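So this block is start_36.cif, mmCIF, C-alpha atoms and all ligand atoms:
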data_my_file
loop_
_atom_site.label_atom_id
_atom_site.label_comp_id
_atom_site.auth_asym_id
_atom_site.auth_seq_id
_atom_site.Cartn_x
_atom_site.Cartn_y
_atom_site.Cartn_z
CA MET A 1 -9.65 -30.57 -14.16
CA THR A 2 -7.96 -30.74 -10.74
CA VAL A 3 -6.31 -27.73 -9.19
CA LEU A 4 -2.91 -29.32 -9.78
CA GLU A 5 -3.58 -29.74 -13.48
CA GLN A 6 -4.48 -26.06 -13.74
CA VAL A 7 -1.16 -24.96 -12.24
CA ARG A 8 1.29 -24.79 -15.08
CA PRO A 9 4.63 -23.13 -14.31
CA LEU A 10 5.07 -19.98 -16.39
CA ASP A 11 8.47 -21.36 -17.31
CA VAL A 12 10.39 -18.20 -16.56
CA VAL A 13 12.55 -19.36 -13.67
CA ALA A 14 15.65 -19.39 -15.89
CA ASP A 15 15.26 -15.60 -16.20
CA PHE A 16 16.00 -15.21 -12.48
CA PRO A 17 19.66 -15.67 -11.50
CA ALA A 18 18.77 -15.18 -7.80
CA ILE A 19 16.67 -18.34 -7.79
CA PRO A 20 18.97 -21.33 -7.75
CA GLU A 21 17.72 -24.82 -8.48
CA GLY A 22 15.95 -26.26 -5.48
CA TRP A 23 15.18 -23.04 -3.64
CA ALA A 24 11.49 -22.26 -3.16
CA TYR A 25 11.25 -18.49 -2.87
CA LEU A 26 7.85 -17.74 -1.35
CA ASP A 27 8.42 -14.16 -0.18
CA THR A 28 7.52 -12.16 -3.27
CA ALA A 29 5.04 -10.05 -1.30
CA ALA A 30 8.05 -8.64 0.59
CA THR A 31 10.09 -8.13 -2.54
CA ALA A 32 10.22 -9.83 -5.93
CA GLN A 33 13.35 -11.35 -7.44
CA LYS A 34 14.68 -9.62 -10.56
CA PRO A 35 14.65 -11.11 -14.06
CA ARG A 36 17.64 -10.71 -16.37
CA PRO A 37 16.10 -7.99 -18.56
CA VAL A 38 15.77 -5.81 -15.45
CA LEU A 39 19.34 -6.54 -14.33
CA ASP A 40 20.58 -5.82 -17.85
CA ALA A 41 18.64 -2.55 -18.03
CA ILE A 42 20.14 -1.46 -14.71
CA GLY A 43 23.65 -2.45 -15.86
CA ARG A 44 23.27 -0.53 -19.14
CA ALA A 45 21.80 2.50 -17.43
CA TYR A 46 24.72 2.75 -14.98
CA GLY A 47 27.15 1.66 -17.71
CA GLU A 48 27.39 2.70 -21.31
CA THR A 49 24.36 5.04 -21.33
CA TYR A 50 24.67 6.77 -17.95
CA ALA A 51 24.06 10.53 -17.64
CA THR A 52 21.80 12.87 -15.72
CA VAL A 53 18.32 13.83 -16.91
CA HIS A 54 16.52 17.08 -17.69
CA ARG A 55 19.62 19.29 -17.42
CA GLY A 56 22.30 18.18 -19.80
CA VAL A 57 22.73 19.98 -23.14
CA TYR A 58 24.76 17.06 -24.50
CA GLN A 59 23.31 14.16 -26.45
CA ARG A 60 23.85 11.48 -23.78
CA SER A 61 21.80 13.43 -21.25
CA ALA A 62 19.09 14.16 -23.82
CA ASP A 63 18.91 10.41 -24.55
CA MET A 64 18.73 9.59 -20.85
CA THR A 65 15.93 12.13 -20.44
CA LEU A 66 14.00 10.42 -23.23
CA ALA A 67 14.53 7.03 -21.55
CA TYR A 68 13.44 8.40 -18.16
CA GLU A 69 10.26 9.88 -19.64
CA ALA A 70 9.62 6.66 -21.58
CA ALA A 71 9.68 4.87 -18.19
CA ARG A 72 7.02 7.29 -16.96
CA ARG A 73 4.88 6.46 -20.00
CA ALA A 74 5.31 2.74 -19.28
CA CYS A 75 4.04 3.29 -15.71
CA ALA A 76 1.07 5.24 -17.08
CA ARG A 77 0.29 2.42 -19.50
CA LEU A 78 0.61 -0.24 -16.77
CA VAL A 79 -2.01 1.36 -14.50
CA GLY A 80 -4.22 2.83 -17.24
CA ALA A 81 -3.46 6.49 -16.49
CA ALA A 82 -4.89 9.09 -18.87
CA GLY A 83 -1.39 10.48 -19.42
CA ALA A 84 2.23 10.26 -18.28
CA ASP A 85 1.92 13.63 -16.49
CA GLU A 86 -0.28 11.82 -13.94
CA ILE A 87 2.68 9.68 -12.85
CA VAL A 88 5.02 10.95 -10.12
CA PHE A 89 8.18 8.95 -9.50
CA VAL A 90 8.77 8.33 -5.80
CA ARG A 91 10.88 5.92 -3.72
CA GLY A 92 7.97 3.54 -3.31
CA ALA A 93 4.42 3.17 -2.02
CA THR A 94 5.42 4.45 1.41
CA GLU A 95 6.77 7.69 0.00
CA ALA A 96 3.77 8.05 -2.33
CA ILE A 97 1.29 7.86 0.58
CA ASN A 98 3.38 10.30 2.63
CA LEU A 99 3.39 12.65 -0.37
CA VAL A 100 -0.41 12.56 -0.65
CA ALA A 101 -0.87 12.92 3.12
CA GLN A 102 1.46 15.90 3.38
CA SER A 103 0.66 17.71 0.15
CA TRP A 104 -3.00 16.92 -0.60
CA GLY A 105 -3.97 16.17 3.01
CA GLY A 106 -2.06 19.14 4.43
CA THR A 107 -3.83 21.48 2.00
CA HIS A 108 -7.34 20.06 1.80
CA LEU A 109 -8.03 18.56 5.23
CA ARG A 110 -8.66 20.31 8.51
CA ALA A 111 -9.79 19.57 12.09
CA GLY A 112 -13.13 17.78 12.05
CA ASP A 113 -12.57 16.13 8.67
CA ARG A 114 -12.44 12.34 8.73
CA ILE A 115 -10.37 9.67 6.98
CA LEU A 116 -11.52 6.05 6.62
CA LEU A 117 -8.89 3.29 6.66
CA SER A 118 -9.35 -0.44 7.18
CA ARG A 119 -8.07 -2.93 9.75
CA LEU A 120 -5.90 -4.73 7.22
CA GLU A 121 -3.79 -1.77 6.11
CA HIS A 122 -0.01 -1.92 5.95
CA HIS A 123 1.64 0.51 8.39
CA SER A 124 2.53 2.71 5.43
CA ASN A 125 -1.19 3.34 4.89
CA ILE A 126 -1.76 4.09 8.58
CA VAL A 127 1.16 6.06 9.99
CA PRO A 128 1.25 8.88 7.36
CA TRP A 129 -2.40 9.61 8.22
CA GLN A 130 -1.61 9.61 11.93
CA LEU A 131 1.16 12.15 11.27
CA LEU A 132 -1.39 14.23 9.36
CA ARG A 133 -3.82 13.86 12.29
CA GLU A 134 -1.18 15.35 14.61
CA ARG A 135 -0.70 18.27 12.23
CA THR A 136 -4.31 19.04 11.35
CA GLY A 137 -6.65 17.41 13.88
CA VAL A 138 -8.38 15.15 11.30
CA GLU A 139 -10.05 12.04 12.72
CA ILE A 140 -9.33 8.49 11.59
CA ASP A 141 -12.01 5.78 11.41
CA VAL A 142 -11.23 2.12 10.82
CA CYS A 143 -13.42 -0.10 8.67
CA PRO A 144 -13.76 -3.70 9.98
CA LEU A 145 -13.21 -6.86 7.97
CA THR A 146 -15.59 -9.59 6.94
CA GLU A 147 -15.28 -13.01 8.61
CA ASP A 148 -12.99 -14.19 5.83
CA GLY A 149 -10.67 -11.17 5.94
CA CYS A 150 -11.90 -8.82 3.22
CA ILE A 151 -12.52 -5.11 3.79
CA ASP A 152 -16.20 -4.95 4.76
CA LEU A 153 -17.60 -2.45 2.28
CA ASP A 154 -21.13 -2.82 3.72
CA ALA A 155 -19.71 -1.58 7.01
CA ALA A 156 -17.83 1.17 5.14
CA GLU A 157 -21.10 2.29 3.60
CA ARG A 158 -22.67 2.58 7.05
CA MET A 159 -19.65 4.43 8.46
CA LEU A 160 -19.11 7.00 5.71
CA THR A 161 -20.48 10.52 6.25
CA PRO A 162 -20.02 13.85 4.48
CA ALA A 163 -17.27 14.60 7.04
CA HIS A 164 -15.14 11.93 5.33
CA LYS A 165 -12.80 13.54 2.85
CA LEU A 166 -10.58 10.56 2.15
CA VAL A 167 -10.87 6.77 2.06
CA ALA A 168 -7.51 4.95 1.84
CA LEU A 169 -7.58 1.18 1.29
CA SER A 170 -5.34 -1.64 0.08
CA HIS A 171 -6.22 -3.14 -3.27
CA VAL A 172 -4.70 -6.47 -2.18
CA SER A 173 -3.86 -7.25 1.45
CA ASN A 174 -0.18 -8.03 1.93
CA VAL A 175 -1.11 -10.55 4.65
CA LEU A 176 -4.34 -12.18 3.48
CA GLY A 177 -4.23 -11.62 -0.28
CA SER A 178 -7.84 -10.42 -0.12
CA VAL A 179 -8.83 -8.27 -3.08
CA LEU A 180 -10.78 -5.05 -2.68
CA ASP A 181 -13.76 -4.32 -4.88
CA VAL A 182 -12.24 -0.98 -5.93
CA ALA A 183 -15.16 0.04 -8.14
CA ARG A 184 -17.58 -0.24 -5.19
CA ALA A 185 -15.13 1.53 -2.86
CA VAL A 186 -14.95 4.40 -5.39
CA GLU A 187 -18.74 4.62 -5.48
CA LEU A 188 -19.03 4.68 -1.68
CA ALA A 189 -16.28 7.28 -1.26
CA HIS A 190 -17.57 9.53 -4.02
CA ASP A 191 -21.16 9.28 -2.73
CA VAL A 192 -20.10 11.24 0.38
CA GLY A 193 -17.72 13.51 -1.53
CA ALA A 194 -14.53 11.74 -0.36
CA LYS A 195 -11.51 10.86 -2.48
CA LEU A 196 -10.28 7.26 -2.70
CA LEU A 197 -6.59 6.41 -2.38
CA VAL A 198 -5.75 2.83 -3.31
CA ASP A 199 -2.58 1.17 -2.03
CA GLY A 200 -1.76 -0.99 -5.04
CA CYS A 201 1.57 -2.32 -3.78
CA GLN A 202 0.45 -5.97 -3.84
CA ALA A 203 -2.06 -5.58 -6.68
CA VAL A 204 0.07 -4.17 -9.48
CA PRO A 205 2.35 -7.26 -9.65
CA ARG A 206 -0.63 -9.64 -9.49
CA LEU A 207 -3.53 -8.34 -11.54
CA PRO A 208 -4.39 -5.96 -14.36
CA VAL A 209 -5.11 -2.45 -13.05
CA ASP A 210 -6.87 0.38 -14.86
CA VAL A 211 -7.18 3.43 -12.64
CA THR A 212 -9.17 5.37 -15.22
CA ALA A 213 -11.77 2.64 -15.56
CA LEU A 214 -11.86 2.12 -11.77
CA GLY A 215 -12.38 5.85 -11.20
CA CYS A 216 -10.21 6.14 -8.08
CA ASP A 217 -8.33 9.34 -7.22
CA PHE A 218 -4.87 8.21 -6.06
CA TYR A 219 -3.09 4.91 -6.69
CA VAL A 220 0.37 3.96 -5.38
CA PHE A 221 2.82 1.12 -5.93
CA SER A 222 6.47 0.10 -5.45
CA GLY A 223 8.81 -1.06 -8.23
CA HIS A 224 10.62 -3.71 -6.19
CA LYS A 225 7.47 -5.80 -5.71
CA LEU A 226 6.93 -5.71 -9.48
CA TYR A 227 10.27 -7.43 -10.30
CA GLY A 228 11.91 -3.99 -10.60
CA PRO A 229 14.55 -2.20 -8.53
CA THR A 230 14.20 -0.89 -4.98
CA GLY A 231 14.02 2.86 -4.40
CA ILE A 232 11.55 3.57 -7.21
CA GLY A 233 7.78 3.56 -7.27
CA CYS A 234 4.83 5.57 -8.48
CA LEU A 235 2.13 7.82 -7.31
CA TRP A 236 -0.67 8.07 -9.84
CA ALA A 237 -3.20 10.86 -9.27
CA ARG A 238 -5.75 12.45 -11.55
CA ALA A 239 -4.22 15.45 -13.30
CA ASP A 240 -6.62 17.97 -11.72
CA LEU A 241 -5.71 16.71 -8.23
CA LEU A 242 -1.97 16.93 -8.85
CA GLU A 243 -2.40 20.40 -10.34
CA ALA A 244 -4.02 21.63 -7.12
CA MET A 245 -1.35 20.11 -4.84
CA PRO A 246 1.60 22.14 -3.52
CA PRO A 247 5.12 20.65 -3.55
CA TRP A 248 6.07 18.60 -0.53
CA GLN A 249 9.85 18.83 -0.92
CA GLY A 250 11.89 21.70 -2.31
CA GLY A 251 15.05 21.69 -4.38
CA GLY A 252 16.27 21.46 -7.92
CA SER A 253 14.04 20.40 -10.82
CA MET A 254 10.70 21.10 -9.11
CA ILE A 255 10.81 24.85 -9.70
CA ASP A 256 9.80 27.23 -12.44
CA ARG A 257 11.74 30.31 -11.22
CA VAL A 258 13.67 30.92 -8.00
CA THR A 259 14.44 34.29 -6.45
CA PHE A 260 15.13 35.00 -2.79
CA GLU A 261 11.81 36.80 -2.64
CA ARG A 262 9.60 34.19 -4.28
CA THR A 263 9.80 30.83 -6.00
CA THR A 264 7.27 29.42 -8.44
CA TRP A 265 6.72 25.73 -9.08
CA ALA A 266 7.08 23.53 -12.11
CA PRO A 267 3.88 21.82 -13.27
CA PRO A 268 3.19 18.24 -12.14
CA PRO A 269 4.70 15.69 -12.12
CA THR A 270 8.13 17.42 -11.82
CA ARG A 271 6.74 19.68 -9.06
CA PHE A 272 6.88 16.57 -6.86
CA GLU A 273 10.30 15.29 -7.93
CA ALA A 274 12.81 17.55 -6.16
CA GLY A 275 16.48 16.77 -6.75
CA THR A 276 18.20 14.35 -9.11
CA PRO A 277 15.74 11.46 -9.46
CA HIS A 278 16.43 7.73 -9.30
CA ILE A 279 17.14 7.66 -13.05
CA VAL A 280 18.42 4.11 -13.16
CA GLY A 281 15.57 2.91 -10.97
CA ALA A 282 13.05 4.32 -13.45
CA LEU A 283 14.77 2.53 -16.36
CA GLY A 284 14.88 -0.72 -14.38
CA LEU A 285 11.19 -0.33 -13.57
CA HIS A 286 10.44 0.20 -17.25
CA ALA A 287 12.15 -3.12 -18.03
CA ALA A 288 10.15 -4.81 -15.26
CA ILE A 289 6.90 -3.46 -16.66
CA ASP A 290 7.80 -4.70 -20.14
CA TYR A 291 8.63 -8.06 -18.58
CA VAL A 292 5.32 -8.58 -16.75
CA GLU A 293 3.33 -7.20 -19.67
CA ALA A 294 5.02 -9.69 -21.99
CA ILE A 295 3.89 -12.54 -19.72
CA GLY A 296 0.48 -10.91 -19.28
CA LEU A 297 -1.01 -9.79 -15.98
CA ASP A 298 -4.13 -11.86 -16.58
CA ARG A 299 -1.93 -14.92 -16.92
CA ILE A 300 0.09 -14.01 -13.83
CA HIS A 301 -3.12 -13.54 -11.87
CA ALA A 302 -4.53 -16.90 -12.97
CA HIS A 303 -1.20 -18.63 -12.29
CA GLU A 304 -0.93 -17.24 -8.76
CA ALA A 305 -4.62 -17.92 -8.03
CA ALA A 306 -4.03 -21.56 -8.94
CA LEU A 307 -0.97 -21.75 -6.67
CA VAL A 308 -2.99 -20.22 -3.82
CA ALA A 309 -5.76 -22.77 -4.41
CA GLN A 310 -3.22 -25.61 -4.37
CA ALA A 311 -1.58 -24.27 -1.19
CA ARG A 312 -4.87 -23.69 0.65
CA ASP A 313 -6.10 -27.12 -0.35
CA ALA A 314 -2.98 -28.91 0.86
CA LEU A 315 -2.35 -26.85 4.00
CA GLY A 316 -6.04 -26.89 4.89
CA SER A 317 -6.03 -30.69 4.92
CA LEU A 318 -3.42 -30.69 7.72
CA ASN A 319 -5.51 -30.50 10.87
CA SER A 320 -3.05 -28.43 12.92
CA VAL A 321 -2.84 -25.67 10.33
CA ARG A 322 -5.04 -22.58 10.56
CA LEU A 323 -5.50 -20.67 7.32
CA PHE A 324 -6.25 -16.96 7.33
CA GLY A 325 -7.97 -14.91 4.65
CA PRO A 326 -10.51 -15.70 1.95
CA GLU A 327 -10.58 -18.86 -0.18
CA VAL A 328 -9.86 -16.83 -3.29
CA SER A 329 -6.96 -14.43 -2.95
CA ALA A 330 -4.25 -12.83 -5.03
CA GLY A 331 -1.02 -14.76 -4.65
CA ILE A 332 -0.71 -14.64 -0.85
CA VAL A 333 -1.55 -17.19 1.89
CA SER A 334 -1.11 -16.60 5.61
CA PHE A 335 -1.29 -19.48 8.06
CA ALA A 336 -0.36 -20.67 11.53
CA VAL A 337 0.74 -24.07 12.75
CA GLU A 338 -0.92 -24.83 16.08
CA GLY A 339 1.48 -24.52 19.02
CA VAL A 340 4.44 -23.39 16.87
CA HIS A 341 5.62 -19.80 16.62
CA PRO A 342 5.65 -18.59 12.99
CA HIS A 343 9.35 -17.73 13.36
CA ASP A 344 10.08 -21.39 14.17
CA VAL A 345 7.98 -22.43 11.18
CA GLY A 346 10.05 -20.09 9.00
CA THR A 347 13.36 -21.35 10.38
CA ILE A 348 12.49 -25.02 9.85
CA LEU A 349 11.22 -24.30 6.34
CA ASP A 350 14.46 -22.47 5.59
CA GLU A 351 16.43 -25.60 6.53
CA GLY A 352 14.52 -27.30 3.70
CA ARG A 353 15.30 -24.35 1.37
CA VAL A 354 11.83 -22.88 1.45
CA ALA A 355 11.80 -19.11 2.08
CA ILE A 356 8.64 -17.68 3.63
CA ARG A 357 8.00 -14.60 5.74
CA ALA A 358 7.02 -14.85 9.40
CA GLY A 359 5.99 -11.89 11.53
CA HIS A 360 3.43 -9.12 11.68
CA HIS A 361 4.10 -8.08 8.07
CA CYS A 362 3.90 -4.37 9.00
CA ALA A 363 0.22 -4.91 9.79
CA GLN A 364 0.06 -4.99 13.59
CA PRO A 365 -3.60 -3.85 13.81
CA LEU A 366 -4.51 -6.76 11.53
CA MET A 367 -2.60 -9.21 13.78
CA GLU A 368 -4.64 -7.89 16.70
CA THR A 369 -7.85 -8.48 14.73
CA LEU A 370 -6.77 -12.03 13.87
CA GLY A 371 -5.84 -12.58 17.54
CA VAL A 372 -2.26 -13.65 16.80
CA PRO A 373 1.10 -11.93 17.29
CA ALA A 374 2.31 -13.05 13.87
CA THR A 375 1.54 -15.31 10.93
CA ALA A 376 3.57 -17.40 8.52
CA ARG A 377 3.07 -16.13 4.98
CA ALA A 378 3.75 -17.76 1.63
CA SER A 379 3.51 -15.42 -1.34
CA PHE A 380 3.92 -16.38 -4.96
CA GLY A 381 5.50 -14.86 -8.04
CA VAL A 382 5.93 -15.68 -11.70
CA TYR A 383 8.85 -18.05 -10.98
CA ASN A 384 6.89 -20.33 -8.63
CA GLY A 385 5.27 -23.57 -9.64
CA PRO A 386 3.35 -26.42 -8.02
CA GLY A 387 6.63 -28.02 -6.92
CA ASP A 388 7.25 -25.04 -4.64
CA VAL A 389 3.87 -25.57 -2.97
CA ASP A 390 4.70 -29.27 -2.50
CA ARG A 391 7.97 -28.29 -0.79
CA LEU A 392 6.10 -25.85 1.45
CA VAL A 393 3.66 -28.56 2.48
CA ASP A 394 6.48 -31.10 3.05
CA GLY A 395 8.20 -28.49 5.20
CA ILE A 396 5.07 -27.93 7.28
CA GLU A 397 4.75 -31.67 7.80
CA ARG A 398 8.34 -31.64 9.07
CA VAL A 399 7.46 -28.77 11.44
CA ARG A 400 4.61 -30.89 12.79
CA ARG A 401 6.88 -33.90 13.29
CA ILE A 402 9.52 -31.82 15.08
CA PHE A 403 6.98 -30.20 17.39
CA GLY A 404 5.07 -33.44 17.92
C1 LIG B 1 0.18 -3.42 0.91
C2 LIG B 1 1.49 -2.70 1.06
N1 LIG B 1 1.49 -1.36 1.12
C3 LIG B 1 2.62 -0.66 1.25
C4 LIG B 1 3.84 -1.29 1.33
C5 LIG B 1 5.08 -0.46 1.46
O1 LIG B 1 5.89 -0.62 0.35
P1 LIG B 1 7.36 -0.02 0.31
O2 LIG B 1 8.04 -0.51 1.56
O3 LIG B 1 7.94 -0.58 -0.93
O4 LIG B 1 7.22 1.46 0.29
C6 LIG B 1 3.89 -2.68 1.30
C7 LIG B 1 5.17 -3.39 1.46
O5 LIG B 1 5.21 -4.49 1.96
C8 LIG B 1 2.68 -3.40 1.14
O6 LIG B 1 2.68 -4.74 1.06
#

Show me, as structure tokens, the structure contained in the file I just sent.
Ligand SMILES: Cc1ncc(COP(=O)(O)O)c(C=O)c1O
Amino acid sequence: MTVLEQVRPLDVVADFPAIPEGWAYLDTAATAQKPRPVLDAIGRAYGETYATVHRGVYQRSADMTLAYEAARRACARLVGAAGADEIVFVRGATEAINLVAQSWGGTHLRAGDRILLSRLEHHSNIVPWQLLRERTGVEIDVCPLTEDGCIDLDAAERMLTPAHKLVALSHVSNVLGSVLDVARAVELAHDVGAKLLVDGCQAVPRLPVDVTALGCDFYVFSGHKLYGPTGIGCLWARADLLEAMPPWQGGGSMIDRVTFERTTWAPPPTRFEAGTPHIVGALGLHAAIDYVEAIGLDRIHAHEAALVAQARDALGSLNSVRLFGPEVSAGIVSFAVEGVHPHDVGTILDEGRVAIRAGHHCAQPLMETLGVPATARASFGVYNGPGDVDRLVDGIERVRRIFG
């Protein structure tokens, strides 16, 4: 069977009003388009069922509280958490990592302790640790990549020492699509007594995840990359870790009892959700989770892997195109066209109604490693099919003609 024969559209494009006929949207790694069930859930939540959560004594608020907590259970189910109390709602992966850095890191790490990151991390898995370094004096080490752009776990094994208290790595690179062997990363981190935080922003929309089976300690993701709304995401952490973490923001909801002399905290996860939460975001995310689960994450993964194979095959046969990253990746392909700035590639593709991302993708240290200021990136979602890859390749041929 050829690669092309394997790539069958999932036939869901009609669910996405933001994808008009003839527009190839290849920027799902930045943010995914929203299917109708998510838009409907958001409309209903702000419309006929709207009320606050956790406080109201009236029926509407009690119903909304049930819906909000059902969304938490859906998140727990999606990532294989042992229970819904291991799920903290946050604004997104960025906020989740900042929460762990400030609360867990601020409490458990001190000068002389070390954190291991990798060269392919998104800025949101670099900068929060640098802020923590300024506060506490922890040291940051950076794990190199293999030739083909995967996190080099053999190198990590050589670098890790008992001084390492945390390893924080991307499950799927937002630039290269490379997939981390999380189970091995867990083993290496735990062997030296470190915790493992996994940035699952690009993994959760693309492959089945089971944090309990993987054995990691923290896992984070954003709703908007999973076909859900912006402004909502999850921190998953093992219950015993959350229990031992102090709040990172103060306000309503996160307390047990407040007096001017002393305030006590609510148990997790509400301890970490100060203020009125993004109620509607949580309900929209629940609809998104139901949506991807109905398609099946195994199917989504296979579908996107086939699109990546088709794209790498076709782009790789053009001799002025340089492909980055491993042969097998999760839904994301980065490339460069010799002598053409990725922004020009993106602009010319846009004229042909193909939307890609061009830039450093919030991964400047990775750009430095690749020796380029930027890449062009095509990333796939459930609505893409082989025709979108053909249009991408046609567009690149046009770029080559224009630039001679
Ligand atoms: C791998 C990775 N981590 C973290 C983030 C940050 O996500 P957000 O901006 O939704 O917080 C992104 C977003 O592009 C990402 O791709």

Query raised in the report: Out of A:Ala282, A:Leu10, A:Ala194, A:Leu235, which residue has the shortest atom-to-atom distance to ligand LIG 1 (chain B) when counting only C-alpha atoms and all ligand atoms?
Result: A:Leu235

Would you write out, as CSV, a table of all residues in chain A that have an atom no more than 7 Å from an atom of ligand LIG 1 (chain B), listing for each the closest atom pair and the distance in Å to one decimal, considering all atoms listed in the file and ordering rows by chain and rising residue number?
residue,atom,partner,partner_atom,distance
A:Ala29,CA,B:LIG1,O6,6.3
A:Ala30,CA,B:LIG1,O5,5.2
A:Gly92,CA,B:LIG1,O4,4.2
A:Ala93,CA,B:LIG1,O4,4.0
A:Thr94,CA,B:LIG1,O4,3.7
A:Glu95,CA,B:LIG1,O4,6.3
A:Glu121,CA,B:LIG1,C1,6.7
A:His122,CA,B:LIG1,N1,5.1
A:Ser124,CA,B:LIG1,C3,5.4
A:Asn125,CA,B:LIG1,N1,6.6
A:Ser170,CA,B:LIG1,C1,5.9
A:Val172,CA,B:LIG1,C1,6.5
A:Ser173,CA,B:LIG1,C1,5.6
A:Asn174,CA,B:LIG1,O6,4.4
A:Asp199,CA,B:LIG1,N1,5.7
A:Gly200,CA,B:LIG1,C1,6.7
A:Cys201,CA,B:LIG1,C2,4.9
A:Gln202,CA,B:LIG1,C1,5.4
A:Ser222,CA,B:LIG1,O3,4.8
A:His224,CA,B:LIG1,O3,6.7

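Picture a line from CA of His343 (chain A) to CA of Ala358 (chain A); it runs 5.4 Å.
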
Query raised in the report: Mind pulling up the distance from CA of Gly106 (chain A) to CA of Thr136 (chain A)?
Result: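 These atoms are spaced 7.3 Å apart.
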
Report task. Between CA of Arg377 (chain A) and CA of Leu176 (chain A), measure the distance and give it in Å to one decimal. Result ->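 Those two atoms sit 8.5 Å apart.
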
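Shortest separation to Ala24 (chain A) among A:Cys362, A:Ala355, A:Val340, A:Leu283 occurs at residue A:Ala355, atoms counted being all atoms listed in the file.
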
Query raised in the report: Neighbours of Ile356 (chain A) within 12 Å (only C-alpha atoms; same-chain residues fewer than 3 positions away dropped), as a PyMOL selection string?
Result: chain A and resi 23-31+332-335+342-353+359+361+375-380+388-389+391-392+395-396

Report task. Considering all atoms listed in the file, state which residue in the set A:Tyr227, A:Arg72, A:Leu116, A:Leu366 is at the smallest distance from Val198 (chain A). Result ->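 Nearest to Val198 (chain A): A:Leu116.
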
Query raised in the report: Which of these, A:Pro326, A:Arg238, A:Gly331, A:Gly83, has the shortest distance to Val308 (chain A) once you count all atoms listed in the file?
Result: A:Gly331

**Report entry** Long-range neighbours of region 263-280 of chain A as a VMD selection string, 6 Å cut-off, all atoms listed in the file, 3 positions minimum in chain
**Finding:** chain A and resid 45 85 88 247 250 to 259 283

Query raised in the report: Which of these residues is nearest to Ser178 (chain A), using all atoms listed in the file: A:Gln33, A:Thr49, A:Gln364, A:Ser329?
Result: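 Checking each of A:Gln33, A:Thr49, A:Gln364, A:Ser329 against Ser178 (chain A), counting all atoms listed in the file, the winner is A:Ser329.
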
Query - Among the residues A:Val337, A:Ala163, A:Glu157, A:Ala185, the one that comes closest to Ile402 (chain A) [using only C-alpha atoms] - result: A:Val337

Specify the axis-aligned box that encloses all atoms of region 354-371 of chain A listed in the file after padding of 5 Å on each side, stating its centre and edge lengths in Å to one decimal as JSON.
{"center_x": 2.0, "center_y": -13.4, "center_z": 9.5, "size_x": 29.7, "size_y": 29.0, "size_z": 26.1}

**Report entry** Shell of 10 Å around Tyr50 (chain A), only C-alpha atoms, local chain residues under 4 positions omitted, as a ChimeraX atom specification
**Finding:** /A:42-46,60-61,63-64,279-280
